[in-house]
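Student: Pasting in a structure now, in structure tokens, and then I'll have a few things to ask.
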Protein chains: 2
Amino acid sequence: MENIPSIKPTESELEILQILWQLGKATVRQVNNELSKMKEVGYTTTLKLLQIMHEKHIVSRTEEGRYHLYQAEIGEEQTQQLLLGKFVDATFRGSAMKLVMQALGNQEVSLDELDEIKKLIAEKEKNLNL
Amino acid sequence: MENIPSIKPTESELEILQILWQLGKATVRQVNNELSKMKEVGYTTTLKLLQIMHEKHIVSRTEEGRYHLYQAEIGEEQTQQLLLGKFVDATFRGSAMKLVMQALGNQEVSLDELDEIKKLIAEKEKNLNL
DNA sequence: TTTTGTTTACGAATGATTTCGTAGCAAATG
DNA sequence: CATTTGCTACGAAATCATTCGTAAACAAAA
């Protein structure tokens with residue numbers, strides 16, 4: 001879980017990563033079960049995806065008796081950071097500000113969450129004033 | 001420019017949309033010139049992409065003498081909104097809050113921009129308190 | 001022991017996206 | 001007028017991502 005991710009996981013890979021980030025280690029079966037809650041997907045499809053991700057060093061795996069346990073090799077926050085950067089560039093021409101405004105304006109955010117954001121902003125302002 | 005976009009433009013299509021949103025109407029040549037500033041790309045590649053986008057009604061075109069003028073048919077903000085929603089779901093499991101925190105924490109945002117965000121938050125709080 | 005079920009491995013089909021070569025015109029140039 | 005230049009149209013190759021069928025290994029169940 002140390003490597004700084006530099007390659008973008010594909011959409012399907014990201015779905016699997018989300019599951020692995022939540023489960024920690026998991027078998028193909030487990031991943032496939034989770035995936036099946038969201039969409040139709042064959043077992044060997046999930047298997048193949050995990051194998052490809054293993055080749056790419058996106059996940060590691062350990063043999064546990066007869067089956068394999070897979071685990072995310074790239075961190076959740078690091079990956080989010082990477083994807084966020086690319087997304088801001090591609091969609092908001094690099095303006096994180098615009099993205100934040102749109103997210104606050106139109107996505108669901110609660111009062112408590114707004115408070116948290118205010119705190120973070122206060123922090124940032126302190127740092128910028130140094 | 002009225003249709004609410006429901007289909008996701010591909011990455012290449014989004015690059016072209018960014019250019020069209022900035023230029024308004026543009027010829028293939030103009031789009032290709034802009035694109036060339038960012039990456040190697042053949043003229044006919046750009047042309048083909050614009051033709052495909054035209055088929056999909058992502059762009060409209062008008063004949064202007066010998067050439068065609070292309071124009072975005074889907075709005076910038078609407079498209080950003082659509083993509084943002086999908087991105088939040090795929091990358092932050094639906095939590096716009098997490099996305100905002102990460103964006104504020106790690107992307108470049110200036111003091112003035114932070115002020116703007118504070119204003120927006122104040123607005124939001126007012127609305128939530130009704 | 002035989003059958004059934006669960007696993008991994010792997011090749012190949014499918015499908016979507018991107019890239020580009022070629023052709024056909026029309027306008028500009030010599 | 002002949003040639004060159006610049007445009008659109010279009011098919012097809014190349015690339016990438018996803019899906020799945022089949023086989024082989026092996027354990028568990030009958």
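Simple scheme: letters A, B, ... for chains in structure tokens order, numbers from 1 for residues in each chain, numbers from 1 for ligands in the order shown.
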List the neighbours of range 7-9 of chain D out to 10 Å using only C-alpha atoms (C1' of nucleotides); skip same-chain residues closer than 3 positions along the sequence, and give me the result as an MDAnalysis selection string.
Tutor: (chainID B and resid 28:29 44 47:48 51 66:68) or (chainID C and resid 23:27)
Student: When the cut-off is 12 Å and we count only C-alpha atoms (C1' of nucleotides), which residues of chain A are near chain D, given as an MDAnalysis selection string?
Tutor: chainID A and resid 9:13 40:49 52 65:67
Student: Check which residues of chain C sit at most 12 Å from chain A using only C-alpha atoms (C1' of nucleotides), and return one row each with the closest pair of atoms and their distance in Å to one decimal, ordered by chain and rising number, as JSON lines.
Tutor:
```
{"residue": "C:DT6", "atom": "C1'", "partner": "A:Tyr67", "partner_atom": "CA", "distance": 9.5}
{"residue": "C:DT7", "atom": "C1'", "partner": "A:Tyr67", "partner_atom": "CA", "distance": 6.5}
{"residue": "C:DT8", "atom": "C1'", "partner": "A:Tyr67", "partner_atom": "CA", "distance": 8.1}
{"residue": "C:DA9", "atom": "C1'", "partner": "A:Lys48", "partner_atom": "CA", "distance": 9.1}
{"residue": "C:DC10", "atom": "C1'", "partner": "A:Lys48", "partner_atom": "CA", "distance": 9.3}
{"residue": "C:DG11", "atom": "C1'", "partner": "A:Lys48", "partner_atom": "CA", "distance": 11.7}
```
Student: Taking all heavy atoms for each residue, export the selection above as a tab-separated table (two decimals), in the first residue's frame.
Tutor:
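Result written to again-v7.tsv:
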```tsv
chain	number	residue	atom	x	y	z
C	6	DT	P	-20.29	-24.54	-5.53
C	6	DT	OP1	-21.07	-24.13	-4.35
C	6	DT	OP2	-20.74	-24.18	-6.90
C	6	DT	O5'	-18.80	-24.02	-5.37
C	6	DT	C5'	-17.97	-24.55	-4.34
C	6	DT	C4'	-16.54	-24.20	-4.67
C	6	DT	O4'	-16.03	-25.14	-5.66
C	6	DT	C3'	-16.38	-22.80	-5.30
C	6	DT	O3'	-15.35	-22.10	-4.63
C	6	DT	C2'	-15.99	-23.08	-6.73
C	6	DT	C1'	-15.26	-24.42	-6.58
C	6	DT	N1	-15.15	-25.19	-7.83
C	6	DT	C2	-13.94	-25.75	-8.13
C	6	DT	O2	-12.96	-25.66	-7.41
C	6	DT	N3	-13.90	-26.44	-9.33
C	6	DT	C4	-14.94	-26.60	-10.22
C	6	DT	O4	-14.77	-27.24	-11.26
C	6	DT	C5	-16.19	-25.99	-9.84
C	6	DT	C7	-17.37	-26.10	-10.74
C	6	DT	C6	-16.23	-25.32	-8.68
C	7	DT	P	-15.15	-20.57	-4.92
C	7	DT	OP1	-15.05	-19.95	-3.60
C	7	DT	OP2	-16.12	-20.10	-5.92
C	7	DT	O5'	-13.72	-20.56	-5.62
C	7	DT	C5'	-12.56	-20.91	-4.87
C	7	DT	C4'	-11.50	-21.43	-5.79
C	7	DT	O4'	-12.05	-22.47	-6.63
C	7	DT	C3'	-10.98	-20.44	-6.81
C	7	DT	O3'	-10.02	-19.58	-6.25
C	7	DT	C2'	-10.34	-21.36	-7.83
C	7	DT	C1'	-11.16	-22.64	-7.71
C	7	DT	N1	-11.94	-22.94	-8.94
C	7	DT	C2	-11.33	-23.65	-9.93
C	7	DT	O2	-10.17	-24.02	-9.87
C	7	DT	N3	-12.11	-23.91	-11.03
C	7	DT	C4	-13.42	-23.55	-11.22
C	7	DT	O4	-14.02	-23.85	-12.24
C	7	DT	C5	-14.01	-22.79	-10.13
C	7	DT	C7	-15.45	-22.34	-10.23
C	7	DT	C6	-13.26	-22.53	-9.05
C	8	DT	P	-9.57	-18.30	-7.01
C	8	DT	OP1	-8.89	-17.45	-6.03
C	8	DT	OP2	-10.74	-17.80	-7.75
C	8	DT	O5'	-8.53	-18.85	-8.09
C	8	DT	C5'	-7.31	-19.46	-7.67
C	8	DT	C4'	-6.59	-19.99	-8.89
C	8	DT	O4'	-7.52	-20.80	-9.66
C	8	DT	C3'	-6.08	-18.91	-9.84
C	8	DT	O3'	-4.72	-19.15	-10.15
C	8	DT	C2'	-6.97	-19.02	-11.07
C	8	DT	C1'	-7.44	-20.46	-11.02
C	8	DT	N1	-8.81	-20.65	-11.61
C	8	DT	C2	-8.97	-21.47	-12.70
C	8	DT	O2	-8.05	-22.07	-13.22
C	8	DT	N3	-10.26	-21.57	-13.16
C	8	DT	C4	-11.38	-20.95	-12.65
C	8	DT	O4	-12.48	-21.12	-13.15
C	8	DT	C5	-11.13	-20.10	-11.51
C	8	DT	C7	-12.27	-19.35	-10.88
C	8	DT	C6	-9.88	-19.98	-11.05
C	9	DA	P	-3.87	-18.14	-11.02
C	9	DA	OP1	-2.45	-18.35	-10.67
C	9	DA	OP2	-4.48	-16.81	-10.89
C	9	DA	O5'	-4.11	-18.67	-12.50
C	9	DA	C5'	-3.69	-19.98	-12.84
C	9	DA	C4'	-3.90	-20.20	-14.33
C	9	DA	O4'	-5.31	-20.39	-14.58
C	9	DA	C3'	-3.45	-19.02	-15.21
C	9	DA	O3'	-2.61	-19.55	-16.21
C	9	DA	C2'	-4.76	-18.46	-15.75
C	9	DA	C1'	-5.69	-19.66	-15.73
C	9	DA	N9	-7.11	-19.35	-15.56
C	9	DA	C8	-7.67	-18.53	-14.61
C	9	DA	N7	-8.98	-18.46	-14.69
C	9	DA	C5	-9.30	-19.28	-15.77
C	9	DA	C6	-10.53	-19.62	-16.36
C	9	DA	N6	-11.71	-19.15	-15.94
C	9	DA	N1	-10.50	-20.46	-17.42
C	9	DA	C2	-9.32	-20.93	-17.84
C	9	DA	N3	-8.09	-20.68	-17.35
C	9	DA	C4	-8.16	-19.84	-16.31
C	10	DC	P	-1.69	-18.63	-17.14
C	10	DC	OP1	-0.49	-19.41	-17.47
C	10	DC	OP2	-1.58	-17.28	-16.55
C	10	DC	O5'	-2.59	-18.54	-18.44
C	10	DC	C5'	-3.13	-19.74	-18.99
C	10	DC	C4'	-4.18	-19.39	-20.02
C	10	DC	O4'	-5.47	-19.16	-19.41
C	10	DC	C3'	-3.86	-18.10	-20.79
C	10	DC	O3'	-3.90	-18.42	-22.15
C	10	DC	C2'	-4.98	-17.16	-20.39
C	10	DC	C1'	-6.11	-18.16	-20.15
C	10	DC	N1	-7.25	-17.63	-19.38
C	10	DC	C2	-8.55	-18.00	-19.75
C	10	DC	O2	-8.71	-18.78	-20.70
C	10	DC	N3	-9.61	-17.50	-19.06
C	10	DC	C4	-9.39	-16.66	-18.04
C	10	DC	N4	-10.46	-16.20	-17.39
C	10	DC	C5	-8.08	-16.27	-17.65
C	10	DC	C6	-7.04	-16.76	-18.34
C	11	DG	P	-3.03	-17.61	-23.24
C	11	DG	OP1	-1.76	-18.34	-23.45
C	11	DG	OP2	-3.01	-16.18	-22.89
C	11	DG	O5'	-3.96	-17.85	-24.51
C	11	DG	C5'	-4.66	-19.09	-24.63
C	11	DG	C4'	-5.99	-18.84	-25.31
C	11	DG	O4'	-6.96	-18.34	-24.34
C	11	DG	C3'	-5.93	-17.78	-26.41
C	11	DG	O3'	-6.73	-18.24	-27.49
C	11	DG	C2'	-6.52	-16.54	-25.75
C	11	DG	C1'	-7.55	-17.15	-24.81
C	11	DG	N9	-7.88	-16.33	-23.65
C	11	DG	C8	-7.01	-15.64	-22.84
C	11	DG	N7	-7.59	-15.01	-21.86
C	11	DG	C5	-8.94	-15.29	-22.03
C	11	DG	C6	-10.07	-14.87	-21.28
C	11	DG	O6	-10.10	-14.15	-20.28
C	11	DG	N1	-11.26	-15.38	-21.80
C	11	DG	C2	-11.35	-16.19	-22.90
C	11	DG	N2	-12.57	-16.57	-23.26
C	11	DG	N3	-10.30	-16.59	-23.62
C	11	DG	C4	-9.13	-16.10	-23.13
```
Student: Give me, as a PyMOL selection string, the residues of chain A touching chain B, with the criterion being at most 10 Å (counting only C-alpha atoms).
Tutor: chain A and resi 11-12+14-15+17-18+76-77+79-81+83-85+87-118+120-126+128-129
Student: Step one, run DSSP on the backbone; step two, keep only residues of chain B assigned to strand (DSSP E or B); then write them as JSON, numbers by chain.
Tutor: {"B": [26, 59, 60, 61, 62, 63, 64, 67, 68, 69, 70, 71, 72]}
Student: Please report the interatomic distance between CA of Asn33 in chain B and C1' of DG21 in chain C in Å with one decimal.
Tutor: 20.6 Å
Student: Any chance you could list, as a ChimeraX atom specification, the residues in chain B that come up alpha helix (DSSP H) when DSSP is run on the backbone?
Tutor: /B:11-23,28-38,43-55,76-92,96-106,111-129
Student: Figure out the distance between CA of His57 in chain A and CA of Tyr70 in chain A, please, to one decimal in Å.
Tutor: 11.2 Å
Student: Can you work out the spacing between CA of Leu20 in chain B and CA of Ala72 in chain B in Å, to one decimal?
Tutor: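 So the two atoms, CA of Leu20 in chain B and CA of Ala72 in chain B, lie 5.9 Å apart.
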Student: If we count only C-alpha atoms (C1' of nucleotides) and set the cut-off at 9 Å, which residues sit around Gln71 in chain A, ignoring sequence neighbours fewer than 3 positions away in its own chain? Please answer as a list in words.
Tutor: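 What passes the distance filter is Met1, Leu17, Leu20, Trp21, Leu23, Gly24, Lys25, Ala26, Thr27, Ile58, Val59, Ser60, Arg61 and Thr62 of chain A.
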